[in-house]
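Student: Compact mmCIF, C-alpha atoms, saved as run.txt, coming up:
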# COMPACT_ATOMS: atom_id res chain seq x y z
CA MET F 1086 42.16 -0.29 51.05
CA VAL F 1087 41.89 -2.31 47.93
CA GLU F 1088 42.50 -0.48 44.71
CA HIS F 1089 39.94 -1.21 42.07
CA SER F 1090 40.81 -0.69 38.50
CA GLN F 1091 38.91 -1.47 35.40
CA THR F 1092 40.29 -3.72 32.74
CA ALA F 1093 38.60 -3.99 29.43
CA THR F 1094 37.86 -7.65 28.85
CA GLY F 1095 35.03 -7.23 26.38
CA ASP F 1096 37.01 -6.31 23.32
CA ASP F 1097 36.46 -8.46 20.30
CA LEU F 1098 39.17 -10.92 19.47
CA ALA F 1099 40.85 -10.36 16.16
CA ARG F 1100 38.90 -12.23 13.52
CA PRO F 1101 40.68 -14.72 11.29
CA ASP F 1102 41.24 -13.90 7.63
CA GLY F 1103 41.10 -15.96 4.44
CA TRP F 1104 39.04 -19.13 4.29
CA ASP F 1105 39.07 -19.46 8.08
CA GLY F 1106 37.52 -16.00 8.15
CA ILE F 1107 34.73 -16.98 5.76
CA VAL F 1108 33.89 -20.03 7.87
CA ALA F 1109 34.08 -18.03 11.10
CA ASP F 1110 31.87 -15.22 9.73
CA TRP F 1111 29.21 -17.50 8.30
CA SER F 1112 28.97 -20.03 11.14
CA SER F 1113 27.09 -19.97 14.47
CA ASP F 1114 24.16 -17.60 14.85
CA GLN F 1115 25.73 -14.21 14.42
CA ARG F 1116 25.87 -11.21 12.19
CA THR F 1117 27.60 -12.51 9.08
CA PHE F 1118 28.89 -9.34 7.49
CA LYS F 1119 31.38 -7.80 9.90
CA ASN F 1120 32.56 -4.20 9.64
CA VAL F 1121 29.62 -3.43 7.36
CA PRO F 1122 26.50 -1.55 8.48
CA TRP F 1123 23.27 -3.44 7.76
CA GLY F 1124 22.15 -0.85 5.23
CA LYS F 1125 25.27 -1.42 3.19
CA ALA F 1126 24.90 -5.20 3.27
CA MET F 1127 21.28 -4.82 2.15
CA MET F 1128 22.29 -2.47 -0.68
CA TRP F 1129 24.84 -5.03 -1.85
CA ILE F 1130 22.17 -7.73 -1.86
CA PHE F 1131 19.79 -5.48 -3.78
CA LEU F 1132 22.54 -4.79 -6.32
CA LEU F 1133 23.12 -8.51 -6.64
CA SER F 1134 19.46 -9.01 -7.54
CA ASP F 1135 19.65 -6.08 -9.96
CA THR F 1136 22.68 -7.73 -11.56
CA PHE F 1137 20.49 -10.70 -12.40
CA ILE F 1138 17.81 -8.47 -13.93
CA PHE F 1139 20.28 -6.70 -16.22
CA SER F 1140 21.96 -10.01 -17.03
CA CYS F 1141 18.62 -11.39 -18.15
CA PHE F 1142 18.14 -8.40 -20.47
CA LEU F 1143 21.61 -8.70 -21.95
CA ILE F 1144 21.34 -12.47 -22.36
CA SER F 1145 17.97 -12.22 -24.09
CA TYR F 1146 19.54 -9.59 -26.37
CA MET F 1147 22.34 -12.07 -27.12
CA THR F 1148 19.80 -14.79 -27.86
CA VAL F 1149 17.75 -12.75 -30.34
CA ARG F 1150 20.88 -11.39 -31.99
CA MET F 1151 22.31 -14.89 -32.42
CA SER F 1152 19.10 -16.38 -33.74
CA THR F 1153 18.11 -13.78 -36.32
CA VAL F 1154 18.74 -14.52 -40.00
CA VAL F 1155 18.49 -10.81 -40.87
CA PRO F 1156 21.69 -8.73 -40.46
CA TRP F 1157 21.94 -6.79 -37.19
CA PRO F 1158 22.03 -2.97 -37.62
CA ASP F 1159 25.56 -1.54 -37.33
CA ALA F 1160 25.55 0.35 -34.02
CA SER F 1161 28.62 2.28 -35.11
CA GLN F 1162 26.60 3.92 -37.92
CA VAL F 1163 23.24 4.06 -36.12
CA PHE F 1164 24.67 6.07 -33.22
CA ALA F 1165 26.96 8.24 -35.33
CA LEU F 1166 26.54 11.98 -35.00
CA SER F 1167 27.72 14.75 -37.26
CA PHE F 1168 28.84 18.12 -35.95
CA GLY F 1169 28.66 19.92 -39.26
CA GLY F 1170 31.13 17.63 -41.03
CA GLU F 1171 31.56 13.91 -41.52
CA PRO F 1172 29.51 11.83 -39.08
CA ILE F 1173 31.69 10.56 -36.21
CA PRO F 1174 30.82 6.95 -35.35
CA LEU F 1175 29.35 6.27 -31.91
CA ILE F 1176 30.46 9.68 -30.62
CA LEU F 1177 27.30 10.37 -28.59
CA ILE F 1178 27.64 7.08 -26.72
CA ALA F 1179 31.33 7.75 -26.06
CA ILE F 1180 30.50 11.15 -24.54
CA MET F 1181 27.75 9.58 -22.43
CA THR F 1182 30.26 7.00 -21.19
CA PHE F 1183 32.74 9.68 -20.13
CA ILE F 1184 30.00 11.64 -18.39
CA LEU F 1185 28.88 8.61 -16.39
CA ILE F 1186 32.46 7.75 -15.42
CA SER F 1187 33.01 11.31 -14.26
CA SER F 1188 29.87 11.11 -12.16
CA SER F 1189 31.27 7.98 -10.54
CA GLY F 1190 34.49 9.83 -9.78
CA THR F 1191 32.71 12.73 -8.09
CA MET F 1192 30.52 10.27 -6.16
CA ALA F 1193 33.53 8.36 -4.83
CA MET F 1194 34.98 11.63 -3.57
CA ALA F 1195 31.65 12.66 -2.04
CA VAL F 1196 31.70 9.46 0.03
CA ASN F 1197 35.24 10.21 1.11
CA PHE F 1198 34.46 13.78 2.20
CA GLY F 1199 31.31 12.54 3.92
CA TYR F 1200 33.33 10.30 6.21
CA ARG F 1201 35.71 13.20 6.86
CA ARG F 1202 32.64 15.17 8.02
CA ASP F 1203 33.29 17.80 5.38
CA ARG F 1204 29.60 18.19 4.71
CA VAL F 1205 29.76 21.10 2.26
CA LYS F 1206 32.25 19.40 -0.06
CA SER F 1207 30.36 16.14 0.20
CA ALA F 1208 27.03 17.76 -0.69
CA VAL F 1209 28.51 19.79 -3.56
CA LEU F 1210 30.16 16.69 -5.03
CA MET F 1211 26.89 14.78 -4.75
CA LEU F 1212 25.06 17.57 -6.55
CA ALA F 1213 27.76 17.49 -9.24
CA THR F 1214 27.14 13.74 -9.54
CA ALA F 1215 23.41 14.40 -9.88
CA ALA F 1216 24.10 17.01 -12.56
CA PHE F 1217 26.25 14.56 -14.54
CA GLY F 1218 23.50 11.96 -14.14
CA ALA F 1219 20.83 14.35 -15.36
CA THR F 1220 23.01 15.26 -18.35
CA PHE F 1221 23.36 11.58 -19.15
CA VAL F 1222 19.59 11.06 -19.04
CA GLY F 1223 19.12 14.16 -21.19
CA MET F 1224 21.48 12.79 -23.83
CA GLN F 1225 19.69 9.48 -23.69
CA ALA F 1226 16.37 11.25 -24.27
CA PHE F 1227 17.98 12.96 -27.29
CA GLU F 1228 19.21 9.61 -28.57
CA TRP F 1229 15.78 8.01 -28.16
CA THR F 1230 14.11 10.94 -29.95
CA LYS F 1231 16.60 10.74 -32.81
CA LEU F 1232 16.10 7.00 -33.25
CA ILE F 1233 12.32 7.21 -33.01
CA MET F 1234 12.31 9.96 -35.66
CA GLU F 1235 14.41 7.72 -37.89
CA GLY F 1236 11.77 5.03 -37.57
CA VAL F 1237 13.10 2.68 -34.90
CA ARG F 1238 10.26 0.87 -33.18
CA PRO F 1239 10.21 -2.12 -30.80
CA TRP F 1240 8.92 -4.19 -33.72
CA GLY F 1241 11.10 -2.90 -36.55
CA ASN F 1242 13.63 -0.46 -37.94
CA PRO F 1243 14.91 0.64 -41.35
CA TRP F 1244 18.31 -1.09 -41.12
CA GLY F 1245 17.84 -4.76 -40.33
CA ALA F 1246 16.80 -7.17 -37.61
CA PRO F 1247 13.55 -5.96 -35.99
CA GLN F 1248 14.72 -7.19 -32.58
CA PHE F 1249 17.21 -4.30 -32.50
CA GLY F 1250 14.52 -1.86 -31.40
CA SER F 1251 13.04 -3.94 -28.61
CA SER F 1252 16.47 -4.76 -27.18
CA PHE F 1253 17.56 -1.14 -27.42
CA PHE F 1254 14.50 0.37 -25.76
CA MET F 1255 14.33 -2.27 -23.05
CA ILE F 1256 18.00 -2.24 -22.06
CA THR F 1257 18.75 1.47 -22.30
CA GLY F 1258 15.32 2.35 -20.95
CA PHE F 1259 15.75 0.27 -17.83
CA HIS F 1260 19.23 1.65 -17.33
CA GLY F 1261 18.06 5.23 -17.87
CA PHE F 1262 15.32 4.65 -15.31
CA HIS F 1263 17.96 3.56 -12.80
CA VAL F 1264 19.97 6.71 -13.49
CA SER F 1265 16.88 8.91 -13.08
CA VAL F 1266 15.98 7.34 -9.73
CA GLY F 1267 19.61 7.73 -8.67
CA VAL F 1268 19.55 11.44 -9.51
CA LEU F 1269 16.46 11.95 -7.33
CA PHE F 1270 17.99 10.11 -4.38
CA LEU F 1271 21.29 11.95 -4.80
CA ILE F 1272 19.47 15.28 -4.49
CA LEU F 1273 17.58 14.07 -1.39
CA ILE F 1274 20.72 12.88 0.37
CA ALA F 1275 22.79 15.89 -0.71
CA ARG F 1276 20.11 18.05 0.95
CA LYS F 1277 20.37 16.08 4.20
CA VAL F 1278 24.16 16.32 4.18
CA TRP F 1279 24.08 20.02 3.34
CA ARG F 1280 21.72 20.76 6.26
CA GLY F 1281 23.99 18.79 8.58
CA ASP F 1282 21.33 16.23 9.52
CA PHE F 1283 24.02 13.63 10.16
CA ASP F 1284 26.00 15.93 12.45
CA ARG F 1285 22.98 16.78 14.58
CA ASN F 1286 21.35 13.34 14.64
CA THR F 1287 18.21 14.74 13.05
CA ARG F 1288 15.55 12.10 12.64
CA GLY F 1289 14.48 11.32 9.12
CA PHE F 1290 11.16 12.64 7.87
CA PHE F 1291 9.99 9.26 6.62
CA THR F 1292 11.62 6.67 8.88
CA SER F 1293 12.11 8.74 12.06
CA ARG F 1294 15.54 7.17 12.35
CA LYS F 1295 18.82 8.93 12.89
CA GLY F 1296 21.03 8.71 9.86
CA ASN F 1297 24.76 9.01 9.50
CA TYR F 1298 27.35 9.34 6.78
CA GLU F 1299 27.09 5.64 5.95
CA VAL F 1300 24.06 6.68 3.90
CA VAL F 1301 26.37 8.55 1.52
CA GLU F 1302 28.44 5.43 0.94
CA ILE F 1303 25.29 3.33 0.39
CA MET F 1304 24.08 5.89 -2.14
CA GLY F 1305 27.52 5.67 -3.72
CA LEU F 1306 27.24 1.89 -4.08
CA TYR F 1307 24.02 2.31 -6.01
CA TRP F 1308 25.49 5.00 -8.23
CA HIS F 1309 28.66 3.06 -9.03
CA PHE F 1310 26.48 0.08 -9.88
CA VAL F 1311 24.60 2.16 -12.45
CA ASP F 1312 27.98 3.05 -13.98
CA LEU F 1313 29.00 -0.60 -13.82
CA VAL F 1314 25.91 -1.70 -15.76
CA TRP F 1315 26.66 0.92 -18.39
CA VAL F 1316 30.14 -0.59 -18.85
CA PHE F 1317 28.47 -3.86 -19.87
CA ILE F 1318 25.81 -2.22 -22.03
CA PHE F 1319 28.48 -0.14 -23.79
CA ALA F 1320 30.53 -3.25 -24.52
CA PHE F 1321 27.79 -5.65 -25.53
CA PHE F 1322 25.15 -3.46 -27.12
CA TYR F 1323 27.09 -0.59 -28.68
CA LEU F 1324 30.53 -2.00 -29.45
CA TRP F 1325 29.91 -5.70 -30.21
CA MET T 515 31.50 6.98 20.90
CA ASP T 516 30.15 7.60 17.47
CA LYS T 517 30.64 4.30 15.75
CA VAL T 518 30.66 4.64 12.01
CA GLU T 519 31.92 1.58 10.19
CA GLY T 520 33.08 3.41 7.15
CA GLN T 521 35.82 3.18 4.61
CA GLN T 522 38.44 5.86 4.61
CA HIS T 523 41.09 6.06 1.94
CA PRO T 524 43.26 8.83 0.54
CA ILE T 525 41.52 10.84 -2.16
CA GLY T 526 44.35 10.27 -4.64
CA ILE T 527 43.37 6.66 -5.25
CA TYR T 528 39.95 7.73 -6.58
CA LEU T 529 41.53 10.22 -8.96
CA LYS T 530 43.93 7.57 -10.23
CA ILE T 531 41.12 5.09 -10.85
CA TRP T 532 39.09 7.83 -12.52
CA GLY T 533 42.01 8.44 -14.88
CA TRP T 534 42.35 4.74 -15.66
CA LEU T 535 38.64 4.45 -16.40
CA PHE T 536 39.00 7.30 -18.89
CA VAL T 537 41.96 5.60 -20.55
CA LEU T 538 40.16 2.25 -20.77
CA SER T 539 36.98 3.85 -22.14
CA THR T 540 38.98 5.69 -24.77
CA ALA T 541 40.69 2.43 -25.68
CA SER T 542 37.39 0.60 -26.12
CA TYR T 543 36.01 3.50 -28.18
CA LEU T 544 39.10 3.35 -30.41
CA VAL T 545 38.41 -0.35 -31.05
CA ASP T 546 35.23 0.78 -32.77
CA TYR T 547 36.77 3.88 -34.33
CA PHE T 548 39.50 1.93 -36.10
CA GLN T 549 37.02 -0.75 -37.13
CA ILE T 550 38.98 -3.63 -35.63
CA GLU T 551 37.03 -6.73 -36.57
CA SER T 552 36.21 -10.26 -35.50
CA TYR T 553 37.97 -12.08 -32.66
CA LEU T 554 40.49 -9.32 -31.94
CA ARG T 555 37.60 -6.85 -31.61
CA TRP T 556 35.59 -9.06 -29.28
CA SER T 557 38.49 -9.99 -27.05
CA LEU T 558 39.62 -6.36 -26.75
CA ILE T 559 36.08 -5.23 -25.91
CA VAL T 560 35.70 -7.89 -23.23
CA LEU T 561 39.17 -7.21 -21.84
CA PHE T 562 38.56 -3.46 -21.43
CA MET T 563 35.06 -4.13 -20.08
CA LEU T 564 36.29 -6.52 -17.39
CA LEU T 565 39.15 -4.20 -16.39
CA LYS T 566 36.73 -1.28 -16.02
CA ALA T 567 34.20 -3.35 -14.10
CA GLY T 568 36.95 -4.67 -11.83
CA LEU T 569 38.27 -1.19 -11.03
CA ILE T 570 34.79 0.14 -10.27
CA VAL T 571 33.83 -2.74 -7.98
CA ALA T 572 37.20 -3.04 -6.27
CA VAL T 573 38.00 0.60 -5.58
CA PHE T 574 34.95 2.81 -6.09
CA MET T 575 32.67 0.30 -4.35
CA HIS T 576 35.39 -0.55 -1.80
CA MET T 577 35.09 -4.29 -2.34
CA LEU T 578 38.88 -4.60 -2.09
CA TRP T 579 38.77 -3.71 1.59
CA GLU T 580 35.74 -5.77 2.65
CA ARG T 581 35.97 -9.09 4.44
CA LEU T 582 35.99 -12.18 2.24
CA ALA T 583 32.58 -13.26 3.62
CA LEU T 584 30.93 -10.29 1.88
CA MET T 585 33.22 -10.33 -1.14
CA TYR T 586 32.35 -13.91 -2.05
CA ALA T 587 28.66 -13.60 -1.10
CA ILE T 588 28.32 -10.84 -3.72
CA THR T 589 30.78 -11.81 -6.46
CA VAL T 590 30.24 -15.58 -6.70
CA PRO T 591 26.46 -15.72 -7.47
CA PRO T 592 26.78 -13.63 -10.68
CA LEU T 593 29.01 -16.40 -12.08
CA LEU T 594 25.80 -18.41 -12.45
CA VAL T 595 24.87 -15.92 -15.15
CA VAL T 596 27.63 -17.46 -17.27
CA VAL T 597 25.77 -20.79 -17.11
CA LEU T 598 22.57 -19.12 -18.34
CA MET T 599 24.59 -17.38 -21.06
CA ILE T 600 26.02 -20.68 -22.31
CA LEU T 601 22.59 -22.33 -22.26
CA MET T 602 21.03 -19.47 -24.18
CA ALA T 603 23.91 -19.45 -26.68
CA PHE T 604 23.04 -23.07 -27.52
CA GLU T 605 19.39 -22.12 -27.73
CA GLY T 606 20.07 -19.11 -29.97
CA ASP T 607 22.28 -21.18 -32.25
CA TYR T 608 19.61 -23.87 -32.50
CA THR T 609 16.90 -21.32 -33.34
CA PHE T 610 19.17 -19.81 -36.00
CA LEU T 611 19.78 -23.18 -37.66
CA THR T 612 16.08 -24.05 -37.49
CA ARG T 613 15.22 -20.77 -39.19
CA LEU T 614 17.74 -21.43 -41.93
CA VAL T 615 16.27 -24.88 -42.52
CA PHE T 616 12.62 -23.82 -42.57
CA PHE T 617 12.73 -20.28 -43.99
CA GLY T 618 16.04 -20.27 -45.86
CA ALA T 619 18.52 -17.44 -45.73
CA THR T 620 16.74 -14.22 -46.67
CA SER T 621 19.79 -12.38 -47.93
Would you write the structure of this file as structure tokens?
Tutor:
Amino acid sequence: MVEHSQTATGDDLARPDGWDGIVADWSSDQRTFKNVPWGKAMMWIFLLSDTFIFSCFLISYMTVRMSTVVPWPDASQVFALSFGGEPIPLILIAIMTFILISSSGTMAMAVNFGYRRDRVKSAVLMLATAAFGATFVGMQAFEWTKLIMEGVRPWGNPWGAPQFGSSFFMITGFHGFHVSVGVLFLILIARKVWRGDFDRNTRGFFTSRKGNYEVVEIMGLYWHFVDLVWVFIFAFFYLW
Amino acid sequence: MDKVEGQQHPIGIYLKIWGWLFVLSTASYLVDYFQIESYLRWSLIVLFMLLKAGLIVAVFMHMLWERLALMYAITVPPLLVVVLMILMAFEGDYTFLTRLVFFGATS
């Protein structure tokens, strides 16, 4: 009697690295982005397009700031805040920066615990991220209110170049909108993780698809991007 | 088999990067606090900004561990922004000079 045994012959060959890898991945009708779920590749491409939007805002801010003959308001003084004593320059923005960085830290750990299938820790960390995000938006609302009370408008302000207001409201407004949307999505996904949807293959309410913990990482990409944009806004708008 | 193509790294690396981001943010805040001016100010700001951005993209967003095909597809196109920035710097400079010529310096 002939013994039959099975040999796996269908395993993928190891893919080349470096430039050979780029050529191999991009050539001949195939899925280009290996080892990456489609949702993650799509999120990266969305973030790339968002990069261009924010770049356009920051570059138009650069253009108006370079071309004005009126002095630009001193951000250090404009965003100073006094806690009973001498005003501390830019302190509110510094606190907002630390809050957003902390939210990125908790998000990174939420992704990690998600892949370890530790759903409670992952959900709690995501909710912490959402709380940091909401705090950030709250402080931004405070900052907007303060500036509007002091007479900053998109067409003028008491301290100098009128373009200051339009750049400020446009750039921080668009960023704050991104943070707000991120907070909502964080809460939605934290709820799914908490319930264990990804452990039981529950179908989504909207798409009727089964999700998995990749969703947490994709959410994380978006959130880190929001932090990334703030790094540039902090440098160019507040510190320059 | 449940096939999840995820990234799994020890938790310590995130805490380390978190710490570094705090240090770099403090450093860039101190640039403003101590009123460092002109070229030193701008180069320090840009240096800290790029370091922070690099850490976030490389570690928090896991770009360091992706294949080069994705890494280059995402990080190369934004370099075009530099071209737009240079073009608009010329444009802004030109507008500034034109305003000086036609309206004169206001202060």
Student: Using all atoms listed in the file, I'd like a table of the residues in chain T that come within 7 Å of chain F; for each, show the closest atom pair and its distance in Å rounded to one decimal, ordered by chain and ascending number, as CSV.
Tutor:
residue,atom,partner,partner_atom,distance
T:Glu519,CA,F:Asn1120,CA,5.8
T:Gly520,CA,F:Glu1299,CA,6.5
T:Gln522,CA,F:Asn1197,CA,6.4
T:Ile525,CA,F:Met1194,CA,6.7
T:Tyr528,CA,F:Gly1190,CA,6.7
T:Trp532,CA,F:Gly1190,CA,5.7
T:Phe536,CA,F:Phe1183,CA,6.8
T:Tyr543,CA,F:Ala1179,CA,6.7
T:Asp546,CA,F:Leu1324,CA,6.4
T:Tyr547,CA,F:Pro1174,CA,6.8
T:Trp556,CA,F:Trp1325,CA,6.7
T:Ile559,CA,F:Ala1320,CA,6.1
T:Met563,CA,F:Val1316,CA,6.2
T:Ala567,CA,F:Leu1313,CA,5.9
T:Ile570,CA,F:Leu1313,CA,6.8
T:Phe574,CA,F:Ala1193,CA,5.9
T:Met575,CA,F:Leu1306,CA,5.7
T:Leu582,CA,F:Ile1107,CA,6.1
T:Ala583,CA,F:Ile1107,CA,4.8
T:Leu584,CA,F:Phe1118,CA,6.0
T:Ile588,CA,F:Leu1133,CA,6.4
T:Val595,CA,F:Ser1140,CA,6.9
T:Met599,CA,F:Ile1144,CA,6.0
T:Met602,CA,F:Thr1148,CA,6.1
T:Ala603,CA,F:Thr1148,CA,6.3
T:Gly606,CA,F:Ser1152,CA,4.8
T:Asp607,CA,F:Ser1152,CA,5.9
T:Thr609,CA,F:Ser1152,CA,5.4
T:Phe610,CA,F:Ser1152,CA,4.1
T:Ala619,CA,F:Val1154,CA,6.4
T:Thr620,CA,F:Val1155,CA,7.0
Student: One decimal, in Å: what's the spacing between atom CA of T:Val615 and atom CA of F:Trp1240?
Tutor: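 Atom CA of F:Trp1240 lies at a distance of 23.7 Å from atom CA of T:Val615.
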Student: Can you tell me how far atom CA of T:Ile527 sits from atom CA of T:Trp579, in Å to one decimal?
Tutor: 13.2 Å
Student: Counting all atoms listed in the file, which residues have an atom no more than 10 Å from (17.0, 6.9, -16.0) in the file's coordinates? Please list them as an NGL selection string.
Tutor: :F and (1218-1219 or 1221-1223 or 1225-1226 or 1257-1268 or 1311)
Student: One decimal, Å: what's the distance from atom CA of T:Glu580 over to atom CA of F:Ile1138, could you say?
Tutor: 24.6 Å
Student: Within 8 Å of stretch 1277-1281 of chain F, counting only C-alpha atoms, which residues show up once you throw out same-chain ones fewer than 3 positions away? Write them as a short mmCIF file (atom, residue, chain, number, x, y, z; two decimals) with C-alpha atoms, in the frame of the given file, please.
Tutor:
data_model
loop_
_atom_site.label_atom_id
_atom_site.label_comp_id
_atom_site.auth_asym_id
_atom_site.auth_seq_id
_atom_site.Cartn_x
_atom_site.Cartn_y
_atom_site.Cartn_z
CA ARG F 1204 29.60 18.19 4.71
CA VAL F 1205 29.76 21.10 2.26
CA SER F 1207 30.36 16.14 0.20
CA ALA F 1208 27.03 17.76 -0.69
CA LEU F 1273 17.58 14.07 -1.39
CA ILE F 1274 20.72 12.88 0.37
CA ASP F 1284 26.00 15.93 12.45
CA ARG F 1285 22.98 16.78 14.58
#
Student: Which residue, F:Ala1216, F:Lys1231, F:Pro1172, F:Asp1159, has the smallest gap to F:Ile1184 when you use only C-alpha atoms?
Tutor: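 Ranking F:Ala1216, F:Lys1231, F:Pro1172, F:Asp1159 by distance to F:Ile1184, first place goes to F:Ala1216.
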Student: Could you add the missing atoms to stretch 522-541 of chain T, up to N, CA and C atoms, and return them as an mmCIF file, in the frame of the given file?
Tutor:
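The result, written out as part22.cif:
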data_model
loop_
_atom_site.group_PDB
_atom_site.id
_atom_site.type_symbol
_atom_site.label_atom_id
_atom_site.label_comp_id
_atom_site.auth_asym_id
_atom_site.auth_seq_id
_atom_site.Cartn_x
_atom_site.Cartn_y
_atom_site.Cartn_z
ATOM 1 N N GLN T 522 37.734 4.594 4.789
ATOM 2 C CA GLN T 522 38.440 5.860 4.610
ATOM 3 C C GLN T 522 39.760 5.623 3.891
ATOM 4 N N HIS T 523 39.887 6.219 2.735
ATOM 5 C CA HIS T 523 41.090 6.060 1.940
ATOM 6 C C HIS T 523 41.523 7.411 1.426
ATOM 7 N N PRO T 524 42.811 7.544 1.089
ATOM 8 C CA PRO T 524 43.260 8.830 0.540
ATOM 9 C C PRO T 524 42.549 9.146 -0.765
ATOM 10 N N ILE T 525 42.316 10.429 -1.010
ATOM 11 C CA ILE T 525 41.520 10.840 -2.160
ATOM 12 C C ILE T 525 42.234 10.532 -3.469
ATOM 13 N N GLY T 526 43.564 10.473 -3.424
ATOM 14 C CA GLY T 526 44.350 10.270 -4.640
ATOM 15 C C GLY T 526 43.984 8.988 -5.368
ATOM 16 N N ILE T 527 43.654 7.954 -4.616
ATOM 17 C CA ILE T 527 43.370 6.660 -5.250
ATOM 18 C C ILE T 527 42.133 6.756 -6.152
ATOM 19 N N TYR T 528 41.153 7.583 -5.739
ATOM 20 C CA TYR T 528 39.950 7.730 -6.580
ATOM 21 C C TYR T 528 40.282 8.463 -7.873
ATOM 22 N N LEU T 529 41.161 9.479 -7.756
ATOM 23 C CA LEU T 529 41.530 10.220 -8.960
ATOM 24 C C LEU T 529 42.294 9.329 -9.934
ATOM 25 N N LYS T 530 43.173 8.479 -9.377
ATOM 26 C CA LYS T 530 43.930 7.570 -10.230
ATOM 27 C C LYS T 530 43.001 6.615 -10.967
ATOM 28 N N ILE T 531 42.050 6.042 -10.230
ATOM 29 C CA ILE T 531 41.120 5.090 -10.850
ATOM 30 C C ILE T 531 40.259 5.797 -11.897
ATOM 31 N N TRP T 532 39.866 7.018 -11.578
ATOM 32 C CA TRP T 532 39.090 7.830 -12.520
ATOM 33 C C TRP T 532 39.869 7.963 -13.831
ATOM 34 N N GLY T 533 41.153 8.315 -13.699
ATOM 35 C CA GLY T 533 42.010 8.440 -14.880
ATOM 36 C C GLY T 533 42.073 7.143 -15.672
ATOM 37 N N TRP T 534 42.273 6.030 -14.976
ATOM 38 C CA TRP T 534 42.350 4.740 -15.660
ATOM 39 C C TRP T 534 41.050 4.406 -16.386
ATOM 40 N N LEU T 535 39.921 4.739 -15.754
ATOM 41 C CA LEU T 535 38.640 4.450 -16.400
ATOM 42 C C LEU T 535 38.504 5.256 -17.691
ATOM 43 N N PHE T 536 39.019 6.491 -17.676
ATOM 44 C CA PHE T 536 39.000 7.300 -18.890
ATOM 45 C C PHE T 536 39.859 6.664 -19.975
ATOM 46 N N VAL T 537 41.053 6.221 -19.577
ATOM 47 C CA VAL T 537 41.960 5.600 -20.550
ATOM 48 C C VAL T 537 41.316 4.348 -21.150
ATOM 49 N N LEU T 538 40.746 3.504 -20.279
ATOM 50 C CA LEU T 538 40.160 2.250 -20.770
ATOM 51 C C LEU T 538 38.953 2.510 -21.659
ATOM 52 N N SER T 539 38.147 3.531 -21.300
ATOM 53 C CA SER T 539 36.980 3.850 -22.140
ATOM 54 C C SER T 539 37.425 4.346 -23.498
ATOM 55 N N THR T 540 38.456 5.198 -23.491
ATOM 56 C CA THR T 540 38.980 5.690 -24.770
ATOM 57 C C THR T 540 39.459 4.517 -25.609
ATOM 58 N N ALA T 541 40.173 3.593 -24.963
ATOM 59 C CA ALA T 541 40.690 2.430 -25.680
ATOM 60 C C ALA T 541 39.547 1.633 -26.309
#
